[in-house]
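Working notes, structure below.
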Amino acid sequence: MLRPNWTNHANALRSKRSLVLAVIALVLVLGLLQSRYNVYTPLRKPKPVASQSPREVAANSTLGFQKLLALSTKPSWRTRGLEAAAKLTGLEFTIPPQGQNSDELVKAFQNLGADKDAKVPAYGSAKAWLSHLDLLKYVVASGLETAFIVEDDVDWDVRIKSEMSLVSDNIRAYMGVKEDDPTPFGTSWDVLWLGHCGSIITDDMHQARVYPDDSRCETELYSGWSKRFLREKLMEGHRQVQPAVMTVCTFGYGVTKQGARKILPLLSKGGDEAFDVALSGNCRDQKLKCITVNPQLFNHYEPPKDAGYLSDVHVGDGQGEAADDSSFENTMGTTGNIMKSARCEALFHETCMRPPSEI
């Protein structure tokens, strides 16, 4: 006859009871911890960073554009100076690889429109024109909303970021950008021409917006063909936002996505003396919506001519031969219309204003 083992049965019940109590205690402890965590979690979350104002965005490392792009075919004193100036002023440039267009392509592009008695570019100008088109294709292919394109010998003032905050304020006011639009310049333009070698000011330019900027080059120190317009039609110590009626030299220009897409078919036709002249013509004819700041914020730096300097474009146009690039590395040149050159400050710790002129 089998008898039940009551002792073992009692021990088993006690063990199960202890296990249940332990599980309940663990659940309660975890619940308390979770509750405590939930109470304190909000305090541990980082405070949201206040969004930047448009004028603050315009003073960032890409001056408010999605990218700063430099047009350059190879490393040289030009790119090394660009990098030094960018480092000094906290800017970030991208230099996309530039394809080498064949002589046959350059010559074919030169001849576009020749049968219609159109002005055609010289070889060096045609080559530079194609390089600008290639960089605009890069903007479109990269899906950039905005980009600012410079030539690799460009220069700017060491105060460029504060200058660009003023540009943002006044471009937005000029274009009627809505207050809730966070972009520094709006996007209802095609070309924002900030680096040039002159732009006319007409009497009927009622749309112009004049604003003070104490970093602006004094009129009597200005060098360039448009000096008389500054003397006669713009207050000293002021710049103005205006339509780009007759603006030349593409030292630095911004494009929107739609602007780049519009420029490419218009300027791929050739039939003019240079890329900047063709761009200016399309701005004048209102095929492109172009605005400029006058006088310019970007200009090109030039090594001394007595050291044998001649630009690549002029060499290509058959205007002579330049000295070896290495001879320009340690010799200070000049930049027109920029009071405190970033290049010269970075490389030589000096200012280097070009002497004033009327041409």
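Order determines the names: the first chain of the structure tokens is A, the second B, and so forth; residues in each chain are numbered 1 upward, and ligands are numbered 1 upward as they are shown.
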Q. Tell me, which residues of range 140-313 of chain A carry DSSP strand (DSSP E or B), written as a PyMOL selection string?
A. chain A and resi 146-151+154-157+191-195+199+209-212+223+238-243+247+252-256+290-294+298-302
Q) range 294-302 of chain A: which residues within 6 Å, counting only C-alpha atoms, same-chain residues fewer than 3 positions away excluded, as a ChimeraX atom specification? A) /A:153-156,194-196,239-240,251,333-335
Counting only C-alpha atoms, give me one row per residue of range 122-191 of chain A with an atom at most 12 Å from an atom of range 244-248 of chain A, showing the shortest contact pair and its distance in Å to one decimal, sorted by chain then residue number, as CSV.
residue,atom,partner,partner_atom,distance
A:Trp189,CA,A:Ala244,CA,11.4
A:Asp190,CA,A:Ala244,CA,11.2
A:Val191,CA,A:Ala244,CA,8.9
Restrict the selected residues to all heavy atoms and save them as a compact mmCIF listing (two decimals), in the first residue's frame.
# COMPACT_ATOMS: atom_id res chain seq x y z
N TRP A 189 14.42 83.67 -57.65
CA TRP A 189 15.37 84.24 -58.60
C TRP A 189 16.11 83.09 -59.30
O TRP A 189 16.12 81.96 -58.82
CB TRP A 189 16.36 85.17 -57.89
CG TRP A 189 16.92 84.60 -56.60
CD1 TRP A 189 16.40 84.73 -55.36
CD2 TRP A 189 18.08 83.76 -56.46
NE1 TRP A 189 17.16 84.02 -54.44
CE2 TRP A 189 18.20 83.43 -55.09
CE3 TRP A 189 19.05 83.27 -57.35
CZ2 TRP A 189 19.23 82.64 -54.60
CZ3 TRP A 189 20.08 82.48 -56.86
CH2 TRP A 189 20.16 82.17 -55.49
N ASP A 190 16.76 83.42 -60.41
CA ASP A 190 17.57 82.42 -61.13
C ASP A 190 19.05 82.61 -60.86
O ASP A 190 19.78 81.64 -60.67
CB ASP A 190 17.31 82.52 -62.64
CG ASP A 190 15.87 82.20 -63.01
OD1 ASP A 190 15.32 81.25 -62.42
OD2 ASP A 190 15.31 82.89 -63.88
N VAL A 191 19.50 83.86 -60.86
CA VAL A 191 20.92 84.17 -60.68
C VAL A 191 21.05 85.27 -59.63
O VAL A 191 20.38 86.30 -59.71
CB VAL A 191 21.57 84.65 -62.00
CG1 VAL A 191 23.05 85.03 -61.77
CG2 VAL A 191 21.45 83.59 -63.07
Q.
Which residue is closest to Val106 in chain A? Choose from A:Ala173, A:Ala128, A:Ile160, A:Ile338 and count only C-alpha atoms.
A. A:Ala128
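Candidate residues A:Gly81, A:Asp117, A:Asn111, A:Ala59 were compared for distance to Thr331 in chain A, and the nearest is A:Gly81, using only C-alpha atoms.
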Q. Quick one: residues within 10 Å of Glu329 in chain A, only C-alpha atoms counted, chain neighbours fewer than 2 positions away excluded, as a PyMOL selection string?
A. chain A and resi 76-78+80-81+303+325-327+331-333+347
(Q) Give me the residues near Pro212 in chain A as a VMD selection string, where near means some atom within 12 Å (using only C-alpha atoms) and where sequence neighbours in that chain fewer than 4 positions away do not count. (A) chain A and resid 163 166 to 167 169 to 170 216 to 217 234 to 241 294 to 295
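Minimum distance to Thr202 in chain A across A:Gly113, A:Pro243, A:Pro265, A:Gly270 (counting only C-alpha atoms) occurs at A:Pro243.
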(Q) Which residues are near Pro121 in chain A? Cut-off 6 Å, only C-alpha atoms, ignore same chain within fewer than 6 positions. Put them as a list in words. (A) Gln110, Glu273 and Ala274 of chain A
